[in-house]
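Structure file work33.cif (mmCIF, C-alpha atoms) is printed below.
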data_structure
loop_
_atom_site.label_atom_id
_atom_site.label_comp_id
_atom_site.auth_asym_id
_atom_site.auth_seq_id
_atom_site.Cartn_x
_atom_site.Cartn_y
_atom_site.Cartn_z
CA LEU S 1 18.75 -1.04 6.89
CA VAL S 2 18.74 2.42 5.30
CA PRO S 3 17.08 2.67 1.86
CA PHE S 4 19.18 5.30 0.10
CA ASP S 5 18.44 7.26 -3.08
CA PHE S 6 21.08 10.02 -2.65
CA SER S 7 18.45 12.58 -1.61
CA ASN S 8 18.57 14.91 1.40
CA GLU S 9 15.84 12.77 2.96
CA SER S 10 17.89 9.59 2.79
CA ASN S 11 20.93 11.47 4.11
CA ALA S 12 18.87 12.46 7.17
CA ALA S 13 17.88 8.81 7.62
CA LEU S 14 21.52 7.72 7.39
CA ARG S 15 22.56 10.20 10.08
CA ALA S 16 19.83 8.92 12.39
CA ALA S 17 20.74 5.31 11.67
CA ALA S 18 24.39 6.07 12.43
CA GLU S 19 23.47 7.41 15.88
CA ILE S 20 21.32 4.37 16.62
CA ALA S 21 23.87 1.87 15.29
CA SER S 22 26.59 3.47 17.40
CA LYS S 23 24.50 3.13 20.57
CA LEU S 24 23.35 -0.41 19.80
CA GLU S 25 26.72 -1.53 18.36
CA ALA S 26 24.93 -2.55 15.17
CA LYS S 27 25.85 -2.79 11.51
CA ILE S 28 24.25 -0.57 8.86
CA TYR S 29 23.24 -1.85 5.45
CA LEU S 30 22.93 0.99 2.95
CA LEU S 31 20.48 -0.13 0.27
CA ASN S 32 20.14 1.51 -3.13
CA VAL S 33 17.52 0.22 -5.54
CA TYR S 34 17.80 1.22 -9.19
CA GLU S 35 15.69 0.59 -12.25
CA ALA S 36 16.80 -0.10 -15.79
CA PRO S 37 17.43 3.12 -17.73
CA GLU S 38 14.23 4.52 -19.21
CA GLY S 39 13.62 3.06 -22.64
CA ALA S 40 16.36 0.44 -22.25
CA ASN S 41 14.02 -2.40 -23.14
CA ASP S 42 13.13 -0.67 -26.40
CA MET S 43 16.76 0.01 -27.28
CA PHE S 44 17.67 -3.62 -27.74
CA GLY S 45 16.11 -6.51 -29.65
CA PHE S 46 16.14 -10.15 -28.67
CA SER S 47 19.28 -11.26 -30.51
CA GLU S 48 22.14 -12.69 -28.47
CA GLU S 49 24.23 -9.58 -29.15
CA SER S 50 21.38 -7.29 -28.08
CA LEU S 51 20.86 -9.21 -24.86
CA MET S 52 24.59 -9.02 -24.11
CA ASN S 53 24.54 -5.26 -24.69
CA TYR S 54 21.50 -4.91 -22.44
CA LYS S 55 23.22 -6.91 -19.67
CA LYS S 56 26.33 -4.73 -20.00
CA LEU S 57 24.20 -1.60 -19.70
CA ILE S 58 22.53 -2.91 -16.52
CA ASP S 59 25.91 -3.94 -15.07
CA ASP S 60 27.33 -0.49 -15.81
CA VAL S 61 24.40 1.19 -14.05
CA LYS S 62 24.82 -1.09 -11.03
CA GLU S 63 28.56 -0.36 -10.87
CA GLN S 64 27.86 3.37 -11.05
CA HIS S 65 25.43 3.16 -8.12
CA GLU S 66 27.90 1.04 -6.12
CA ASP S 67 30.60 3.66 -6.67
CA GLN S 68 28.23 6.41 -5.58
CA LEU S 69 27.35 4.55 -2.37
CA LEU S 70 31.02 4.00 -1.56
CA GLU S 71 31.64 7.71 -2.10
CA ILE S 72 28.78 8.57 0.28
CA ILE S 73 30.27 6.28 2.91
CA ARG S 74 33.72 7.77 2.42
CA LYS S 75 32.45 11.34 2.81
CA SER S 76 30.15 10.61 5.78
CA THR S 77 32.57 11.46 8.56
CA PHE S 78 29.81 11.01 11.16
CA LEU S 79 29.82 7.25 10.56
CA ASN S 80 31.61 5.36 13.34
CA THR S 81 30.08 1.92 12.88
CA GLU S 82 30.36 -0.88 10.34
CA ILE S 83 28.46 -0.16 7.13
CA GLU S 84 27.94 -2.27 4.01
CA PRO S 85 26.54 -1.01 0.70
CA VAL S 86 23.88 -3.09 -1.05
CA VAL S 87 22.75 -2.36 -4.62
CA LYS S 88 19.75 -4.07 -6.21
CA ARG S 89 17.65 -3.62 -9.32
CA GLY S 90 13.87 -3.68 -9.08
CA PHE S 91 10.96 -1.99 -7.32
CA VAL S 92 11.90 -0.10 -4.17
CA HIS S 93 9.30 -1.47 -1.75
CA LYS S 94 9.74 -5.05 -3.01
CA GLU S 95 13.53 -4.97 -2.66
CA ILE S 96 13.34 -3.41 0.80
CA ILE S 97 10.98 -6.13 2.00
CA GLU S 98 13.14 -8.91 0.52
CA THR S 99 16.36 -7.42 1.91
CA VAL S 100 14.87 -7.25 5.41
CA GLU S 101 14.20 -10.99 5.21
CA GLU S 102 17.50 -11.91 3.56
CA LEU S 103 19.69 -10.03 6.04
CA SER S 104 17.51 -10.51 9.16
CA ILE S 105 17.25 -6.74 9.59
CA ASP S 106 16.27 -5.42 13.04
CA LEU S 107 15.26 -1.89 11.99
CA VAL S 108 14.48 -0.01 8.77
CA VAL S 109 15.28 3.72 8.85
CA MET S 110 13.67 5.76 6.08
CA GLY S 111 13.58 9.44 5.24
CA SER S 112 10.46 11.48 4.52
CA LYS S 113 10.14 14.48 2.23
CA GLY S 114 8.50 16.73 4.80
CA THR S 115 5.47 19.01 4.66
CA SER S 116 5.42 19.89 0.97
CA SER S 117 5.32 16.37 -0.43
CA LEU S 118 4.98 13.81 2.36
CA GLU S 119 1.70 12.51 0.96
CA GLU S 120 3.44 11.96 -2.37
CA TYR S 121 6.28 10.24 -0.51
CA PHE S 122 4.01 7.81 1.30
CA ILE S 123 2.10 6.91 -1.84
CA GLY S 124 4.95 7.12 -4.33
CA THR S 125 7.42 4.95 -2.45
CA ASN S 126 4.84 2.64 -0.91
CA VAL S 127 5.99 3.27 2.64
CA GLU S 128 2.60 2.09 3.85
CA LYS S 129 3.17 -1.23 2.07
CA ILE S 130 6.58 -1.59 3.73
CA ILE S 131 5.17 -0.79 7.17
CA HIS S 132 2.45 -3.40 6.81
CA THR S 133 4.75 -6.10 5.41
CA VAL S 134 8.20 -6.08 7.00
CA GLY S 135 8.76 -8.06 10.17
CA CYS S 136 10.78 -5.40 11.96
CA PRO S 137 10.25 -1.84 13.27
CA VAL S 138 10.29 1.03 10.77
CA LEU S 139 11.60 4.47 11.71
CA VAL S 140 10.55 7.41 9.51
CA ILE S 141 12.89 10.41 9.77
CA PRO S 142 11.92 13.96 8.70
CA HIS S 143 14.47 15.55 6.42
CA VAL S 144 14.37 18.83 8.37
CA GLN S 145 15.96 17.23 11.41
CA LYS S 146 19.62 18.21 11.71
CA HIS S 147 20.51 16.64 15.04
CA PHE S 148 19.07 13.25 15.92
CA THR S 149 18.43 12.76 19.61
CA LEU S 150 16.16 10.53 21.66
CA LYS S 151 15.84 12.29 24.99
CA ASP S 152 12.02 12.24 25.23
CA LEU S 153 10.01 9.43 23.64
CA VAL S 154 6.24 9.05 23.40
CA PHE S 155 4.93 5.48 23.43
CA ALA S 156 1.26 5.31 22.40
CA SER S 157 -0.50 2.09 23.34
CA GLY S 158 -3.53 0.44 24.91
CA PHE S 159 -1.14 -1.22 27.40
CA ASN S 160 -2.85 -4.57 27.14
CA GLU S 161 -1.04 -7.86 27.70
CA GLU S 162 -0.76 -8.43 23.96
CA ASP S 163 1.26 -5.22 23.63
CA VAL S 164 4.03 -6.35 25.94
CA ARG S 165 6.02 -8.54 23.56
CA GLU S 166 6.37 -5.67 21.08
CA PHE S 167 7.98 -3.30 23.56
CA ASN S 168 11.40 -4.93 23.82
CA PHE S 169 13.10 -3.08 20.93
CA PHE S 170 11.72 0.27 22.04
CA LYS S 171 12.90 -0.29 25.60
CA GLU S 172 16.41 -1.21 24.44
CA LEU S 173 16.53 1.98 22.40
CA SER S 174 15.43 4.07 25.38
CA VAL S 175 18.00 2.48 27.68
CA LYS S 176 20.88 3.05 25.25
CA PHE S 177 19.90 6.71 24.78
CA ASP S 178 19.00 7.21 28.46
CA SER S 179 15.58 8.43 27.34
CA THR S 180 12.48 9.37 29.28
CA ILE S 181 9.46 7.41 28.04
CA HIS S 182 6.15 9.25 28.04
CA LEU S 183 3.46 6.57 28.04
CA LEU S 184 0.33 7.72 26.21
CA ARG S 185 -3.15 6.23 26.43
CA VAL S 186 -5.82 7.92 24.31
CA ASN S 187 -9.33 7.40 25.69
CA THR S 188 -12.12 7.45 23.10
CA PRO S 189 -15.91 7.08 23.23
CA ALA S 190 -15.67 3.87 21.19
CA ASN S 191 -13.12 2.32 23.56
CA PHE S 192 -13.88 4.11 26.79
CA GLU S 193 -12.18 3.10 30.03
CA ARG S 194 -12.20 4.66 33.47
CA SER S 195 -9.11 6.72 34.23
CA LYS S 196 -8.49 4.57 37.30
CA ASP S 197 -8.39 1.39 35.22
CA MET S 198 -6.10 2.96 32.64
CA ARG S 199 -3.69 4.09 35.36
CA VAL S 200 -3.59 0.56 36.74
CA SER S 201 -2.78 -0.96 33.34
CA MET S 202 -0.05 1.63 32.72
CA ASP S 203 1.42 1.08 36.20
CA ASN S 204 1.46 -2.67 35.58
CA PHE S 205 3.19 -2.08 32.26
CA VAL S 206 5.90 0.00 33.95
CA LYS S 207 6.43 -2.66 36.61
CA HIS S 208 6.54 -5.51 34.09
CA TRP S 209 9.30 -3.84 32.11
CA ASP S 210 11.07 -2.42 35.15
CA LEU S 211 11.02 1.09 33.71
CA GLU S 212 12.56 3.93 35.67
CA LYS S 213 12.29 7.12 33.62
CA THR S 214 8.64 7.37 32.62
CA THR S 215 5.57 9.57 32.76
CA SER S 216 1.99 8.36 32.31
CA ASN S 217 -0.36 10.44 30.18
CA ILE S 218 -4.08 9.96 29.48
CA TYR S 219 -5.75 12.05 26.79
CA SER S 220 -9.41 11.97 25.76
CA ASP S 221 -10.51 12.54 22.18
CA PHE S 222 -12.98 11.26 19.59
CA SER S 223 -10.41 8.94 18.00
CA ILE S 224 -6.98 7.52 18.81
CA GLU S 225 -5.50 9.24 15.77
CA GLU S 226 -6.82 12.69 16.65
CA GLY S 227 -5.72 12.36 20.26
CA MET S 228 -2.27 11.14 19.39
CA LEU S 229 -1.70 13.91 16.86
CA GLU S 230 -2.90 16.55 19.33
CA VAL S 231 -0.56 15.30 22.04
CA ALA S 232 2.30 15.18 19.56
CA LYS S 233 1.77 18.85 18.78
CA THR S 234 1.88 19.96 22.41
CA MET S 235 4.41 17.59 23.94
CA SER S 236 8.10 18.27 23.38
CA ALA S 237 9.07 14.79 22.21
CA ASP S 238 11.93 13.59 20.04
CA LEU S 239 10.08 10.55 18.72
CA ILE S 240 6.55 9.12 18.58
CA CYS S 241 6.19 5.34 18.74
CA LEU S 242 3.06 3.33 17.96
CA HIS S 243 2.00 -0.18 17.00
CA ARG S 244 1.32 -1.15 13.43
CA ARG S 245 -1.33 -3.61 14.56
CA HIS S 246 -3.23 -1.22 16.82
CA HIS S 247 -3.15 1.81 14.55
CA ARG S 248 -3.89 0.41 11.09
CA SER S 249 -6.27 3.26 10.29
CA PHE S 250 -3.48 5.72 11.04
CA PHE S 251 -1.81 4.56 7.83
CA SER S 252 -4.91 4.02 5.72
CA PHE S 253 -4.91 7.62 4.40
CA LEU S 254 -8.64 7.32 3.76
CA ASN S 255 -9.28 10.53 5.64
CA ALA S 256 -7.74 13.55 3.90
CA ARG S 257 -7.64 15.62 7.10
CA PHE S 258 -5.64 12.94 8.91
CA THR S 259 -3.25 12.87 5.96
CA ASP S 260 -2.74 16.61 6.29
CA GLU S 261 -2.11 16.29 10.03
CA ILE S 262 0.37 13.47 9.49
CA VAL S 263 2.14 15.65 6.94
CA LYS S 264 2.49 18.52 9.41
CA HIS S 265 3.50 16.29 12.30
CA SER S 266 5.90 13.99 10.45
CA SER S 267 7.76 16.96 9.01
CA THR S 268 9.24 17.71 12.45
CA LYS S 269 9.37 14.49 14.51
CA PRO S 270 10.48 10.93 13.75
CA ILE S 271 7.84 8.21 13.94
CA LEU S 272 8.71 4.63 14.96
CA ILE S 273 6.27 1.91 13.93
CA LEU S 274 6.61 -1.38 15.81
CA THR S 275 5.60 -4.66 14.22
#
Write the structure described by the file as structure tokens, please.
Amino acid sequence: LVPFDFSNESNAALRAAAEIASKLEAKIYLLNVYEAPEGANDMFGFSEESLMNYKKLIDDVKEQHEDQLLEIIRKSTFLNTEIEPVVKRGFVHKEIIETVEELSIDLVVMGSKGTSSLEEYFIGTNVEKIIHTVGCPVLVIPHVQKHFTLKDLVFASGFNEEDVREFNFFKELSVKFDSTIHLLRVNTPANFERSKDMRVSMDNFVKHWDLEKTTSNIYSDFSIEEGMLEVAKTMSADLICLHRRHHRSFFSFLNARFTDEIVKHSSTKPILILT
């Protein structure tokens, strides 16, 4: 599912989704959510004629958005997979969540506005609410990315048994793109483990999933978030993947400095959040 508002950011998300859908032989749903024209409720009274005029106005807006989506699909020569436009009226985050359930969506691909206004993007479009609610992975794509590739992937985890069931989608993605997976374990004072024990858990993880192209990386820092962001800066990776459940504070935006770091980092690399 690609939420689409005709911006450069959503175009970047569509290009990424097209690459993924082609590899996975999947169908793309292109979702546009519109609101009633500003002031429309005040333009009409409650008479039968007024209500009919209001309904016609809403229908005309919907038809206009449907035509625009079809034009986008027609002009997007990079699309080589089945794609279906979906137009709904309402609040963006609410319609995305409902559409995921209605269509049994496997992945949501969303664009981000980049460094200058990513904080506004997260808050304004309620991406955090979507991440914490939908029952499928969410991929956030930076608008600056011109060529989507998944050669080197970072998978940040604690590599406990409870993590294993969430890895299946990520593994399938890595196999289809012939990616190298860089396993990342951030060691912190609050959750300290011996390096030897961490290596064992990561080795067991690799064996359980029968992974071939991997590296194991242990990084020590004061918090998981700080360590992960630092590694992301230094490692040449095409995508960073983490768990929604294990990194809730990463999306809390309670710490302004973390927000700034996320802004800088997310402006250059896609982030995949697993459910």
For Leu272 in chain S, work out the shell of residues within 7 Å, counting all atoms listed in the file and skipping chain neighbours fewer than 4 positions away, then give it as a count of residues only. 7
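Interatomic distance, CA of Lys88 in chain S against CA of Asn32 in chain S: 6.4 Å.
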State, in Å with one decimal place, the distance from CA of Tyr34 in chain S to CA of Leu70 in chain S.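 Answer for the CA of Tyr34 in chain S to CA of Leu70 in chain S separation: 15.5 Å.
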Two-atom distance - CA of Arg89 in chain S, CA of Phe4 in chain S (Å): 13.1 Å
Tell me, as JSON, numbers by chain, which residues lie within 12 Å of Phe78 in chain S, counting all atoms listed in the file; anything in the same chain fewer than 6 positions away does not count. {"S": [11, 12, 14, 15, 16, 17, 18, 19, 21, 22, 72, 147, 148]}
Give me the residues within 10 Å of Thr275 in chain S as JSON, numbers by chain, counting all atoms listed in the file and dropping any in the same chain fewer than 6 places off. {"S": [131, 132, 133, 134, 135, 136, 137, 138, 166, 167, 242, 243, 244, 245, 246]}
Please write as an MDAnalysis selection string the full residue list that the PyMOL selection byres ((chain S and resi 84) around 10) yields on this file. chainID S and resid 1 27:31 69:70 73 82:83 85:86
Could the residues in this selection be written to a file with C-alpha atoms, as a compact mmCIF listing (two decimals), in the coordinates of the input?
# COMPACT_ATOMS: atom_id res chain seq x y z
CA LEU S 1 18.75 -1.04 6.89
CA LYS S 27 25.85 -2.79 11.51
CA ILE S 28 24.25 -0.57 8.86
CA TYR S 29 23.24 -1.85 5.45
CA LEU S 30 22.93 0.99 2.95
CA LEU S 31 20.48 -0.13 0.27
CA LEU S 69 27.35 4.55 -2.37
CA LEU S 70 31.02 4.00 -1.56
CA ILE S 73 30.27 6.28 2.91
CA GLU S 82 30.36 -0.88 10.34
CA ILE S 83 28.46 -0.16 7.13
CA PRO S 85 26.54 -1.01 0.70
CA VAL S 86 23.88 -3.09 -1.05
Check what the PyMOL selection byres ((chain S and resi 215-227) around 8) selects in the file above and give those residues as an NGL selection string. :S and (180-190 or 195 or 198-199 or 202 or 213-214 or 228-231 or 247 or 250 or 258)
So which residues touch Ile96 in chain S within 9 Å, counting all atoms listed in the file, skipping near sequence neighbours fewer than 2 positions away, as number ranges by chain? S: 1, 3, 31, 33, 91-94, 98-101, 108, 130, 134
Could you tell me which of S:Asp178, S:Ala232, S:Gln68, S:Phe169 comes closest to Ala156 in chain S if we count only C-alpha atoms?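 For Ala156 in chain S, the nearest of the candidates is S:Ala232.
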With distances taken over all atoms listed in the file, which residue among S:Phe170, S:Phe159, S:Lys56, S:Leu274 lies nearest Asp197 in chain S?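 For Asp197 in chain S, the nearest of the candidates is S:Phe159.
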Compare S:Lys55, S:Asn80, S:Val87, S:Arg194 by their minimum atom-to-atom distance to Asp67 in chain S, counting only C-alpha atoms, and give me the closest one.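 Smallest separation from Asp67 in chain S among the options: S:Val87.
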If the PyMOL selection byres ((chain S and resi 153) around 6) were run on this exact file, what residues would it hold? Put them as a VMD selection string. chain S and resid 152 154 181 to 182 237 to 239
Looking at only C-alpha atoms, which of S:Val61, S:Lys129, S:Phe155, S:Ile141 is the one that sits closest to Val206 in chain S?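 Closest residue, counting only C-alpha atoms: S:Phe155.
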For Val109 in chain S, which residue among S:Leu24, S:Asn160, S:Pro270, S:His65 is the nearest when counting all atoms listed in the file? S:Pro270
